[in-house]
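One file, work.cif, carrying mmCIF, N, CA and C atoms:
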data_coords
#
loop_
_atom_site.label_atom_id
_atom_site.label_comp_id
_atom_site.auth_asym_id
_atom_site.auth_seq_id
_atom_site.Cartn_x
_atom_site.Cartn_y
_atom_site.Cartn_z
N MET H 1 4.74 16.04 7.13
CA MET H 1 4.79 16.15 8.57
C MET H 1 5.40 14.86 9.14
N ASP H 2 6.28 14.98 10.10
CA ASP H 2 6.93 13.79 10.66
C ASP H 2 6.01 13.10 11.68
N GLU H 3 6.38 11.87 12.06
CA GLU H 3 5.58 11.05 12.96
C GLU H 3 5.28 11.73 14.29
N THR H 4 6.30 12.32 14.91
CA THR H 4 6.13 12.96 16.21
C THR H 4 5.13 14.11 16.13
N ALA H 5 5.24 14.93 15.10
CA ALA H 5 4.32 16.06 14.94
C ALA H 5 2.89 15.57 14.67
N LEU H 6 2.76 14.52 13.86
CA LEU H 6 1.43 13.96 13.59
C LEU H 6 0.79 13.43 14.86
N LEU H 7 1.56 12.70 15.66
CA LEU H 7 1.02 12.14 16.90
C LEU H 7 0.63 13.24 17.89
N LYS H 8 1.41 14.28 17.94
CA LYS H 8 1.09 15.41 18.83
C LYS H 8 -0.20 16.09 18.36
N GLN H 9 -0.33 16.27 17.05
CA GLN H 9 -1.53 16.90 16.50
C GLN H 9 -2.75 16.01 16.75
N LEU H 10 -2.60 14.70 16.61
CA LEU H 10 -3.70 13.78 16.89
C LEU H 10 -4.13 13.88 18.35
N GLN H 11 -3.17 13.85 19.26
CA GLN H 11 -3.51 13.93 20.68
C GLN H 11 -4.24 15.24 21.00
N GLN H 12 -3.79 16.34 20.43
CA GLN H 12 -4.46 17.63 20.64
C GLN H 12 -5.89 17.60 20.08
N THR H 13 -6.06 16.94 18.93
CA THR H 13 -7.39 16.80 18.32
C THR H 13 -8.30 16.00 19.22
N TRP H 14 -7.80 14.87 19.74
CA TRP H 14 -8.59 14.07 20.68
C TRP H 14 -9.01 14.90 21.88
N TYR H 15 -8.03 15.55 22.52
CA TYR H 15 -8.30 16.28 23.75
C TYR H 15 -9.29 17.43 23.52
N ARG H 16 -9.22 18.06 22.36
CA ARG H 16 -10.10 19.19 22.04
C ARG H 16 -11.51 18.72 21.66
N THR H 17 -11.62 17.60 20.94
CA THR H 17 -12.91 17.20 20.38
C THR H 17 -13.57 16.02 21.09
N ILE H 18 -12.80 15.26 21.86
CA ILE H 18 -13.33 14.10 22.60
C ILE H 18 -12.81 14.21 24.03
N PRO H 19 -13.46 15.02 24.86
CA PRO H 19 -12.94 15.36 26.18
C PRO H 19 -12.57 14.17 27.08
N VAL H 20 -13.28 13.07 26.97
CA VAL H 20 -12.95 11.91 27.82
C VAL H 20 -11.53 11.41 27.55
N SER H 21 -11.02 11.63 26.35
CA SER H 21 -9.66 11.18 26.01
C SER H 21 -8.61 11.88 26.88
N GLU H 22 -8.85 13.15 27.22
CA GLU H 22 -7.91 13.87 28.07
C GLU H 22 -8.01 13.37 29.51
N PHE H 23 -9.24 13.15 29.99
CA PHE H 23 -9.40 12.64 31.35
C PHE H 23 -8.72 11.26 31.49
N MET H 24 -8.87 10.43 30.45
CA MET H 24 -8.27 9.09 30.45
C MET H 24 -6.76 9.13 30.25
N GLN H 25 -6.23 10.28 29.83
CA GLN H 25 -4.81 10.47 29.52
C GLN H 25 -4.36 9.55 28.37
N VAL H 26 -5.21 9.44 27.36
CA VAL H 26 -4.89 8.64 26.18
C VAL H 26 -3.71 9.28 25.46
N THR H 27 -2.73 8.45 25.13
CA THR H 27 -1.51 8.94 24.51
C THR H 27 -1.10 8.06 23.33
N PRO H 28 -0.98 8.65 22.14
CA PRO H 28 -0.46 7.88 21.02
C PRO H 28 1.03 7.61 21.24
N ILE H 29 1.46 6.39 20.93
CA ILE H 29 2.85 6.01 21.18
C ILE H 29 3.68 5.99 19.90
N GLU H 30 3.16 5.30 18.89
CA GLU H 30 3.97 5.07 17.69
C GLU H 30 3.06 4.92 16.48
N PHE H 31 3.54 5.44 15.36
CA PHE H 31 2.80 5.31 14.09
C PHE H 31 3.79 5.15 12.95
N ASN H 32 3.48 4.24 12.06
CA ASN H 32 4.11 4.20 10.74
C ASN H 32 2.98 3.96 9.76
N ALA H 33 3.26 3.86 8.51
CA ALA H 33 2.20 3.75 7.51
C ALA H 33 1.29 2.54 7.74
N ASP H 34 1.78 1.51 8.41
CA ASP H 34 1.01 0.28 8.58
C ASP H 34 0.47 0.02 9.97
N SER H 35 1.06 0.60 11.00
CA SER H 35 0.62 0.27 12.36
C SER H 35 0.58 1.51 13.25
N PHE H 36 -0.23 1.39 14.30
CA PHE H 36 -0.46 2.50 15.22
C PHE H 36 -0.67 1.93 16.61
N SER H 37 -0.02 2.53 17.62
CA SER H 37 -0.12 2.08 19.01
C SER H 37 -0.49 3.25 19.92
N VAL H 38 -1.33 2.94 20.92
CA VAL H 38 -1.84 3.94 21.85
C VAL H 38 -1.84 3.35 23.25
N THR H 39 -1.68 4.19 24.27
CA THR H 39 -1.74 3.73 25.64
C THR H 39 -2.54 4.71 26.49
N ALA H 40 -2.82 4.27 27.72
CA ALA H 40 -3.43 5.13 28.74
C ALA H 40 -3.05 4.53 30.09
N PRO H 41 -2.77 5.37 31.07
CA PRO H 41 -2.39 4.84 32.39
C PRO H 41 -3.59 4.17 33.07
N LEU H 42 -3.29 3.27 33.96
CA LEU H 42 -4.34 2.55 34.68
C LEU H 42 -5.11 3.47 35.65
N GLU H 43 -4.40 4.34 36.37
CA GLU H 43 -5.00 5.10 37.47
C GLU H 43 -6.31 5.82 37.14
N PRO H 44 -6.40 6.68 36.10
CA PRO H 44 -7.68 7.38 35.88
C PRO H 44 -8.75 6.47 35.26
N ASN H 45 -8.38 5.24 34.94
CA ASN H 45 -9.27 4.31 34.24
C ASN H 45 -9.59 3.07 35.07
N ILE H 46 -9.37 3.16 36.37
CA ILE H 46 -9.46 1.99 37.24
C ILE H 46 -10.89 1.76 37.74
N ASN H 47 -11.19 0.51 38.03
CA ASN H 47 -12.50 0.17 38.59
C ASN H 47 -12.33 -0.34 40.03
N LEU H 48 -13.41 -0.81 40.64
CA LEU H 48 -13.36 -1.27 42.02
C LEU H 48 -12.52 -2.53 42.22
N HIS H 49 -12.19 -3.22 41.14
CA HIS H 49 -11.34 -4.43 41.21
C HIS H 49 -9.86 -4.11 41.02
N GLN H 50 -9.55 -2.81 40.90
CA GLN H 50 -8.18 -2.35 40.67
C GLN H 50 -7.66 -2.80 39.30
N THR H 51 -8.58 -2.96 38.36
CA THR H 51 -8.23 -3.26 36.97
C THR H 51 -8.86 -2.18 36.10
N MET H 52 -8.56 -2.17 34.81
CA MET H 52 -9.09 -1.14 33.94
C MET H 52 -10.59 -1.33 33.73
N PHE H 53 -11.32 -0.24 33.86
CA PHE H 53 -12.76 -0.19 33.66
C PHE H 53 -13.09 -0.58 32.22
N ALA H 54 -14.12 -1.42 32.04
CA ALA H 54 -14.50 -1.90 30.71
C ALA H 54 -14.81 -0.75 29.75
N GLY H 55 -15.45 0.31 30.24
CA GLY H 55 -15.74 1.46 29.39
C GLY H 55 -14.49 2.16 28.91
N SER H 56 -13.47 2.20 29.76
CA SER H 56 -12.19 2.80 29.36
C SER H 56 -11.49 1.93 28.32
N ILE H 57 -11.59 0.62 28.47
CA ILE H 57 -11.00 -0.29 27.49
C ILE H 57 -11.65 -0.06 26.13
N TYR H 58 -12.98 -0.03 26.12
CA TYR H 58 -13.72 0.19 24.87
C TYR H 58 -13.33 1.53 24.24
N THR H 59 -13.30 2.56 25.07
CA THR H 59 -12.97 3.90 24.57
C THR H 59 -11.55 3.96 24.02
N LEU H 60 -10.60 3.36 24.72
CA LEU H 60 -9.22 3.35 24.26
C LEU H 60 -9.10 2.66 22.90
N MET H 61 -9.81 1.56 22.75
CA MET H 61 -9.73 0.83 21.49
C MET H 61 -10.45 1.58 20.37
N ALA H 62 -11.58 2.20 20.68
CA ALA H 62 -12.29 3.00 19.67
C ALA H 62 -11.43 4.19 19.23
N LEU H 63 -10.77 4.85 20.18
CA LEU H 63 -9.89 5.97 19.84
C LEU H 63 -8.69 5.52 19.02
N THR H 64 -8.20 4.32 19.27
CA THR H 64 -7.07 3.80 18.49
C THR H 64 -7.48 3.63 17.02
N GLY H 65 -8.65 3.04 16.79
CA GLY H 65 -9.13 2.90 15.41
C GLY H 65 -9.41 4.25 14.77
N TRP H 66 -10.07 5.13 15.52
CA TRP H 66 -10.37 6.47 15.02
C TRP H 66 -9.07 7.19 14.67
N GLY H 67 -8.09 7.05 15.56
CA GLY H 67 -6.79 7.69 15.34
C GLY H 67 -6.09 7.17 14.10
N MET H 68 -6.18 5.86 13.87
CA MET H 68 -5.57 5.30 12.65
C MET H 68 -6.23 5.88 11.41
N MET H 69 -7.56 6.01 11.44
CA MET H 69 -8.26 6.62 10.30
C MET H 69 -7.78 8.06 10.09
N TRP H 70 -7.70 8.82 11.17
CA TRP H 70 -7.28 10.22 11.09
C TRP H 70 -5.86 10.31 10.53
N LEU H 71 -4.96 9.48 11.03
CA LEU H 71 -3.58 9.50 10.55
C LEU H 71 -3.49 9.15 9.08
N GLN H 72 -4.25 8.15 8.66
CA GLN H 72 -4.23 7.76 7.24
C GLN H 72 -4.80 8.85 6.36
N GLN H 73 -5.80 9.57 6.84
CA GLN H 73 -6.33 10.70 6.08
C GLN H 73 -5.28 11.79 5.94
N GLN H 74 -4.49 12.01 6.98
CA GLN H 74 -3.42 13.02 6.90
C GLN H 74 -2.41 12.60 5.83
N LEU H 75 -2.02 11.31 5.84
CA LEU H 75 -1.06 10.82 4.84
C LEU H 75 -1.61 10.94 3.42
N ALA H 76 -2.91 10.65 3.27
CA ALA H 76 -3.54 10.69 1.94
C ALA H 76 -3.95 12.10 1.54
N GLU H 77 -3.79 13.06 2.47
CA GLU H 77 -4.17 14.45 2.24
C GLU H 77 -5.63 14.58 1.81
N VAL H 78 -6.50 13.89 2.58
CA VAL H 78 -7.94 13.97 2.35
C VAL H 78 -8.62 14.33 3.68
N ASP H 79 -9.81 14.93 3.57
CA ASP H 79 -10.59 15.29 4.75
C ASP H 79 -11.83 14.42 4.80
N GLY H 80 -12.22 14.07 6.00
CA GLY H 80 -13.45 13.31 6.20
C GLY H 80 -13.82 13.31 7.66
N ASP H 81 -15.11 13.19 7.92
CA ASP H 81 -15.62 13.11 9.28
C ASP H 81 -15.68 11.63 9.66
N ILE H 82 -14.86 11.23 10.61
CA ILE H 82 -14.70 9.83 10.99
C ILE H 82 -15.72 9.46 12.06
N VAL H 83 -16.42 8.37 11.84
CA VAL H 83 -17.36 7.84 12.82
C VAL H 83 -17.15 6.34 12.97
N LEU H 84 -17.44 5.85 14.16
CA LEU H 84 -17.43 4.42 14.42
C LEU H 84 -18.81 3.91 14.06
N ALA H 85 -18.90 3.07 13.02
CA ALA H 85 -20.20 2.60 12.53
C ALA H 85 -20.65 1.31 13.21
N ASP H 86 -19.70 0.46 13.58
CA ASP H 86 -20.04 -0.82 14.20
C ASP H 86 -18.82 -1.33 14.93
N ALA H 87 -19.03 -2.00 16.05
CA ALA H 87 -17.90 -2.55 16.79
C ALA H 87 -18.34 -3.71 17.67
N HIS H 88 -17.44 -4.66 17.80
CA HIS H 88 -17.64 -5.82 18.67
C HIS H 88 -16.36 -6.01 19.47
N ILE H 89 -16.52 -6.04 20.79
CA ILE H 89 -15.36 -6.17 21.67
C ILE H 89 -15.43 -7.51 22.38
N ARG H 90 -14.26 -8.06 22.61
CA ARG H 90 -14.13 -9.28 23.40
C ARG H 90 -13.12 -9.01 24.50
N TYR H 91 -13.59 -9.04 25.73
CA TYR H 91 -12.71 -8.85 26.89
C TYR H 91 -12.13 -10.22 27.23
N ILE H 92 -10.82 -10.35 27.18
CA ILE H 92 -10.16 -11.65 27.35
C ILE H 92 -9.56 -11.81 28.74
N ALA H 93 -8.93 -10.78 29.26
CA ALA H 93 -8.26 -10.87 30.56
C ALA H 93 -8.30 -9.51 31.24
N PRO H 94 -8.30 -9.49 32.58
CA PRO H 94 -8.26 -8.21 33.30
C PRO H 94 -6.97 -7.45 33.01
N ILE H 95 -7.07 -6.15 33.04
CA ILE H 95 -5.92 -5.29 32.75
C ILE H 95 -5.49 -4.63 34.06
N ASN H 96 -4.28 -4.97 34.51
CA ASN H 96 -3.80 -4.44 35.79
C ASN H 96 -2.50 -3.66 35.64
N GLU H 97 -2.22 -3.23 34.42
CA GLU H 97 -1.08 -2.35 34.14
C GLU H 97 -1.43 -1.53 32.91
N ALA H 98 -0.66 -0.49 32.63
CA ALA H 98 -0.94 0.35 31.46
C ALA H 98 -0.93 -0.51 30.20
N PRO H 99 -2.05 -0.58 29.49
CA PRO H 99 -2.12 -1.40 28.28
C PRO H 99 -1.62 -0.64 27.05
N VAL H 100 -1.41 -1.40 25.99
CA VAL H 100 -1.09 -0.82 24.68
C VAL H 100 -2.08 -1.38 23.67
N ALA H 101 -2.79 -0.48 23.00
CA ALA H 101 -3.72 -0.86 21.93
C ALA H 101 -2.98 -0.71 20.61
N ARG H 102 -3.13 -1.72 19.75
CA ARG H 102 -2.44 -1.71 18.45
C ARG H 102 -3.41 -2.05 17.33
N THR H 103 -3.23 -1.37 16.22
CA THR H 103 -3.99 -1.71 15.02
C THR H 103 -3.08 -1.63 13.80
N HIS H 104 -3.51 -2.30 12.74
CA HIS H 104 -2.75 -2.33 11.48
C HIS H 104 -3.67 -1.89 10.34
N TRP H 105 -3.11 -1.14 9.42
CA TRP H 105 -3.85 -0.62 8.27
C TRP H 105 -3.88 -1.68 7.18
N ALA H 106 -5.07 -1.89 6.62
CA ALA H 106 -5.24 -2.91 5.59
C ALA H 106 -5.17 -2.33 4.18
N GLY H 107 -4.76 -1.08 4.07
CA GLY H 107 -4.58 -0.48 2.75
C GLY H 107 -5.85 0.01 2.10
N ALA H 108 -6.82 0.45 2.87
CA ALA H 108 -8.08 0.96 2.31
C ALA H 108 -7.82 2.23 1.50
N ASP H 109 -8.65 2.44 0.47
CA ASP H 109 -8.52 3.59 -0.41
C ASP H 109 -9.35 4.75 0.13
N LEU H 110 -8.68 5.78 0.61
CA LEU H 110 -9.38 6.95 1.15
C LEU H 110 -9.58 8.04 0.10
N SER H 111 -9.04 7.84 -1.10
CA SER H 111 -9.16 8.87 -2.14
C SER H 111 -10.62 9.06 -2.57
N VAL H 112 -11.50 8.12 -2.26
CA VAL H 112 -12.91 8.26 -2.61
C VAL H 112 -13.53 9.48 -1.93
N LEU H 113 -12.93 9.92 -0.81
CA LEU H 113 -13.44 11.11 -0.12
C LEU H 113 -13.35 12.35 -1.01
N ARG H 114 -12.33 12.40 -1.87
CA ARG H 114 -12.17 13.55 -2.79
C ARG H 114 -13.31 13.61 -3.80
N ARG H 115 -13.92 12.46 -4.08
CA ARG H 115 -15.02 12.38 -5.05
C ARG H 115 -16.39 12.45 -4.38
N GLY H 116 -16.40 12.82 -3.09
CA GLY H 116 -17.66 12.97 -2.37
C GLY H 116 -18.27 11.66 -1.90
N LYS H 117 -17.49 10.60 -1.91
CA LYS H 117 -17.99 9.29 -1.46
C LYS H 117 -17.43 8.99 -0.08
N ARG H 118 -18.13 8.15 0.65
CA ARG H 118 -17.66 7.77 1.98
C ARG H 118 -16.69 6.60 1.87
N ALA H 119 -15.79 6.54 2.82
CA ALA H 119 -14.84 5.43 2.89
C ALA H 119 -15.23 4.56 4.08
N ARG H 120 -15.36 3.27 3.85
CA ARG H 120 -15.73 2.31 4.88
C ARG H 120 -14.53 1.41 5.12
N VAL H 121 -14.01 1.41 6.36
CA VAL H 121 -12.76 0.71 6.65
C VAL H 121 -12.91 -0.21 7.86
N PRO H 122 -12.72 -1.52 7.65
CA PRO H 122 -12.70 -2.42 8.80
C PRO H 122 -11.33 -2.40 9.47
N LEU H 123 -11.31 -2.36 10.79
CA LEU H 123 -10.06 -2.39 11.54
C LEU H 123 -10.21 -3.35 12.72
N THR H 124 -9.14 -4.03 13.04
CA THR H 124 -9.07 -4.84 14.25
C THR H 124 -8.06 -4.18 15.17
N ILE H 125 -8.47 -3.98 16.41
CA ILE H 125 -7.58 -3.39 17.41
C ILE H 125 -7.38 -4.44 18.50
N GLU H 126 -6.14 -4.65 18.88
CA GLU H 126 -5.82 -5.59 19.94
C GLU H 126 -5.22 -4.82 21.11
N LEU H 127 -5.59 -5.23 22.32
CA LEU H 127 -5.10 -4.56 23.52
C LEU H 127 -4.23 -5.54 24.30
N TYR H 128 -3.00 -5.12 24.60
CA TYR H 128 -2.03 -5.97 25.27
C TYR H 128 -1.61 -5.38 26.61
N CYS H 129 -1.35 -6.26 27.55
CA CYS H 129 -0.65 -5.94 28.80
C CYS H 129 0.65 -6.72 28.71
N GLY H 130 1.73 -6.03 28.44
CA GLY H 130 2.98 -6.73 28.16
C GLY H 130 2.79 -7.56 26.90
N ASP H 131 3.03 -8.85 26.98
CA ASP H 131 2.86 -9.74 25.83
C ASP H 131 1.50 -10.43 25.81
N LYS H 132 0.67 -10.16 26.79
CA LYS H 132 -0.61 -10.86 26.94
C LYS H 132 -1.74 -10.09 26.26
N LEU H 133 -2.45 -10.78 25.35
CA LEU H 133 -3.63 -10.19 24.70
C LEU H 133 -4.77 -10.15 25.71
N CYS H 134 -5.29 -8.95 25.97
CA CYS H 134 -6.33 -8.77 26.99
C CYS H 134 -7.70 -8.43 26.41
N ALA H 135 -7.75 -7.89 25.19
CA ALA H 135 -9.02 -7.55 24.56
C ALA H 135 -8.84 -7.47 23.04
N ASN H 136 -9.93 -7.72 22.34
CA ASN H 136 -9.94 -7.68 20.87
C ASN H 136 -11.16 -6.86 20.45
N PHE H 137 -10.98 -5.97 19.47
CA PHE H 137 -12.02 -5.04 19.06
C PHE H 137 -12.08 -5.05 17.53
N ASP H 138 -13.18 -5.58 16.97
CA ASP H 138 -13.38 -5.56 15.53
C ASP H 138 -14.37 -4.45 15.22
N ALA H 139 -13.97 -3.55 14.34
CA ALA H 139 -14.79 -2.36 14.11
C ALA H 139 -14.85 -1.99 12.63
N ILE H 140 -15.90 -1.26 12.32
CA ILE H 140 -16.04 -0.63 11.00
C ILE H 140 -16.06 0.88 11.26
N PHE H 141 -15.08 1.56 10.68
CA PHE H 141 -15.04 3.01 10.74
C PHE H 141 -15.46 3.54 9.37
N VAL H 142 -16.20 4.62 9.38
CA VAL H 142 -16.63 5.26 8.14
C VAL H 142 -16.15 6.70 8.19
N SER H 143 -15.60 7.15 7.09
CA SER H 143 -15.23 8.55 6.95
C SER H 143 -16.16 9.15 5.90
N LEU H 144 -16.87 10.18 6.33
CA LEU H 144 -17.82 10.86 5.45
C LEU H 144 -17.15 12.07 4.84
N PRO H 145 -17.37 12.29 3.54
CA PRO H 145 -16.74 13.45 2.91
C PRO H 145 -17.14 14.74 3.63
N THR H 146 -16.17 15.60 3.85
CA THR H 146 -16.42 16.87 4.50
C THR H 146 -17.11 17.79 3.51
N LYS H 147 -18.20 18.39 3.97
CA LYS H 147 -18.95 19.29 3.10
C LYS H 147 -18.40 20.70 3.28
N ASN H 148 -17.84 21.22 2.24
CA ASN H 148 -17.33 22.60 2.26
C ASN H 148 -18.39 23.52 1.71
N LEU H 149 -18.89 24.43 2.54
CA LEU H 149 -19.95 25.35 2.09
C LEU H 149 -19.40 26.62 1.54
#
Using the file provided, produce a representation of the structure as structure tokens.
Amino acid sequence: MDETALLKQLQQTWYRTIPVSEFMQVTPIEFNADSFSVTAPLEPNINLHQTMFAGSIYTLMALTGWGMMWLQQQLAEVDGDIVLADAHIRYIAPINEAPVARTHWAGADLSVLRRGKRARVPLTIELYCGDKLCANFDAIFVSLPTKNL
């Protein structure tokens, strides 16, 4: 499957299974085997200060990590139920324009899912407004083997 089709399928998965992602208008921008970028417009995510709401920032970054896990599972042709197991966010600067969240794959082995084992993957997601780093999100995502009955 090509990048465009994968990103479209991911966005449909988000909108169908995580309804807040559609309200926030979360949109995957770019993916290659090593990196993934996501954005969301400011307007539906704005707070009383006319900057992005902290909950929207957290959600955008969590979805970026979740999305990277999902995309990597597609590439590895494995199934797993992805959950955010732990996360720490640092808000660095207010966001007053559409941000871009970016993460990089560290080469975790997802083939363990085929053997009924869970995959534990640390990811760092950075959120930028233009060239300015506005937030940092360190997370542990876990993919649990899908139980086929």
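Nearest residue to H:Phe23 among H:Thr146, H:Thr51, H:Ser56, H:Ser37 is H:Ser56, counting only C-alpha atoms.
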Neighbour list for stretch 38-44 of chain H as a list of chain:residue names, cut-off 8 Å, only C-alpha atoms, skip fewer than 4 positions in-chain:
H:Phe23, H:Met24, H:Gln25, H:Val26, H:Thr27, H:Pro28, H:Ile29, H:Glu30, H:Thr51, H:Met52, H:Leu60, H:Thr64, H:Asn96, H:Glu97, H:Ala98, H:Pro99, H:Val100, H:Ala101, H:Arg102
Go ahead and dump the residues you just picked, N, CA and C atoms, as a PDB file, in the frame of the given file.
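Output saved as part.pdb:
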ATOM      1  N   PHE H  23      -9.240  13.150  29.990  1.00  0.00           N
ATOM      2  CA  PHE H  23      -9.400  12.640  31.350  1.00  0.00           C
ATOM      3  C   PHE H  23      -8.720  11.260  31.490  1.00  0.00           C
ATOM      4  N   MET H  24      -8.870  10.430  30.450  1.00  0.00           N
ATOM      5  CA  MET H  24      -8.270   9.090  30.450  1.00  0.00           C
ATOM      6  C   MET H  24      -6.760   9.130  30.250  1.00  0.00           C
ATOM      7  N   GLN H  25      -6.230  10.280  29.830  1.00  0.00           N
ATOM      8  CA  GLN H  25      -4.810  10.470  29.520  1.00  0.00           C
ATOM      9  C   GLN H  25      -4.360   9.550  28.370  1.00  0.00           C
ATOM     10  N   VAL H  26      -5.210   9.440  27.360  1.00  0.00           N
ATOM     11  CA  VAL H  26      -4.890   8.640  26.180  1.00  0.00           C
ATOM     12  C   VAL H  26      -3.710   9.280  25.460  1.00  0.00           C
ATOM     13  N   THR H  27      -2.730   8.450  25.130  1.00  0.00           N
ATOM     14  CA  THR H  27      -1.510   8.940  24.510  1.00  0.00           C
ATOM     15  C   THR H  27      -1.100   8.060  23.330  1.00  0.00           C
ATOM     16  N   PRO H  28      -0.980   8.650  22.140  1.00  0.00           N
ATOM     17  CA  PRO H  28      -0.460   7.880  21.020  1.00  0.00           C
ATOM     18  C   PRO H  28       1.030   7.610  21.240  1.00  0.00           C
ATOM     19  N   ILE H  29       1.460   6.390  20.930  1.00  0.00           N
ATOM     20  CA  ILE H  29       2.850   6.010  21.180  1.00  0.00           C
ATOM     21  C   ILE H  29       3.680   5.990  19.900  1.00  0.00           C
ATOM     22  N   GLU H  30       3.160   5.300  18.890  1.00  0.00           N
ATOM     23  CA  GLU H  30       3.970   5.070  17.690  1.00  0.00           C
ATOM     24  C   GLU H  30       3.060   4.920  16.480  1.00  0.00           C
ATOM     25  N   THR H  51      -8.580  -2.960  38.360  1.00  0.00           N
ATOM     26  CA  THR H  51      -8.230  -3.260  36.970  1.00  0.00           C
ATOM     27  C   THR H  51      -8.860  -2.180  36.100  1.00  0.00           C
ATOM     28  N   MET H  52      -8.560  -2.170  34.810  1.00  0.00           N
ATOM     29  CA  MET H  52      -9.090  -1.140  33.940  1.00  0.00           C
ATOM     30  C   MET H  52     -10.590  -1.330  33.730  1.00  0.00           C
ATOM     31  N   LEU H  60     -10.600   3.360  24.720  1.00  0.00           N
ATOM     32  CA  LEU H  60      -9.220   3.350  24.260  1.00  0.00           C
ATOM     33  C   LEU H  60      -9.100   2.660  22.900  1.00  0.00           C
ATOM     34  N   THR H  64      -8.200   4.320  19.270  1.00  0.00           N
ATOM     35  CA  THR H  64      -7.070   3.800  18.490  1.00  0.00           C
ATOM     36  C   THR H  64      -7.480   3.630  17.020  1.00  0.00           C
ATOM     37  N   ASN H  96      -4.280  -4.970  34.510  1.00  0.00           N
ATOM     38  CA  ASN H  96      -3.800  -4.440  35.790  1.00  0.00           C
ATOM     39  C   ASN H  96      -2.500  -3.660  35.640  1.00  0.00           C
ATOM     40  N   GLU H  97      -2.220  -3.230  34.420  1.00  0.00           N
ATOM     41  CA  GLU H  97      -1.080  -2.350  34.140  1.00  0.00           C
ATOM     42  C   GLU H  97      -1.430  -1.530  32.910  1.00  0.00           C
ATOM     43  N   ALA H  98      -0.660  -0.490  32.630  1.00  0.00           N
ATOM     44  CA  ALA H  98      -0.940   0.350  31.460  1.00  0.00           C
ATOM     45  C   ALA H  98      -0.930  -0.510  30.200  1.00  0.00           C
ATOM     46  N   PRO H  99      -2.050  -0.580  29.490  1.00  0.00           N
ATOM     47  CA  PRO H  99      -2.120  -1.400  28.280  1.00  0.00           C
ATOM     48  C   PRO H  99      -1.620  -0.640  27.050  1.00  0.00           C
ATOM     49  N   VAL H 100      -1.410  -1.400  25.990  1.00  0.00           N
ATOM     50  CA  VAL H 100      -1.090  -0.820  24.680  1.00  0.00           C
ATOM     51  C   VAL H 100      -2.080  -1.380  23.670  1.00  0.00           C
ATOM     52  N   ALA H 101      -2.790  -0.480  23.000  1.00  0.00           N
ATOM     53  CA  ALA H 101      -3.720  -0.860  21.930  1.00  0.00           C
ATOM     54  C   ALA H 101      -2.980  -0.710  20.610  1.00  0.00           C
ATOM     55  N   ARG H 102      -3.130  -1.720  19.750  1.00  0.00           N
ATOM     56  CA  ARG H 102      -2.440  -1.710  18.450  1.00  0.00           C
ATOM     57  C   ARG H 102      -3.410  -2.050  17.330  1.00  0.00           C
TER      58      ARG H 102
END
Residues within 7 Å of H:Phe137, please, as a PyMOL selection string. Count only N, CA and C atoms; anything in the same chain fewer than 3 positions from it doesn't count.
chain H and resi 61+87-90+123-127
Residue members of the PyMOL selection byres (((chain H and resi 140 and name CA) around 8) and name CA) in the file shown, as a PyMOL selection string:
chain H and resi 84-87+120-123+138-139+141-142
One number please: atom CA of H:Gln11 to atom CA of H:Ser35, in Å, one decimal.
16.5 Å
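Taking only C-alpha atoms into account, H:Gly55 lies nearest to H:Ser21 out of the set H:Ser143, H:Thr103, H:Gln9, H:Ser21.
Separating atom N of H:Lys147 from atom CA of H:Glu77 is a distance of 14.7 Å.
Using only C-alpha atoms for every distance, the candidate list H:Leu7, H:Leu144, H:Leu48, H:Leu110 yields H:Leu110 as the residue closest to H:Gln73.
The gap separating atom CA of H:Ile57 from atom CA of H:Cys134 is 9.7 Å, in Å to one decimal.
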Report as number ranges by chain: the residues of chain H with a DSSP assignment of helix (DSSP H, G or I), based on the backbone of this structure.
H: 3-17, 19-24, 43-45, 54-76, 111-115
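For the choices H:Arg16, H:Lys132, H:Leu10, H:Thr4, the atom-to-atom distance to H:Leu71 is smallest for H:Leu10 when using all atoms listed in the file.
In this comparison, which uses only C-alpha atoms, the residue of H:Ile82, H:Ile46, H:Ala119, H:Val112 approaching H:Gly67 most closely is H:Ile82.
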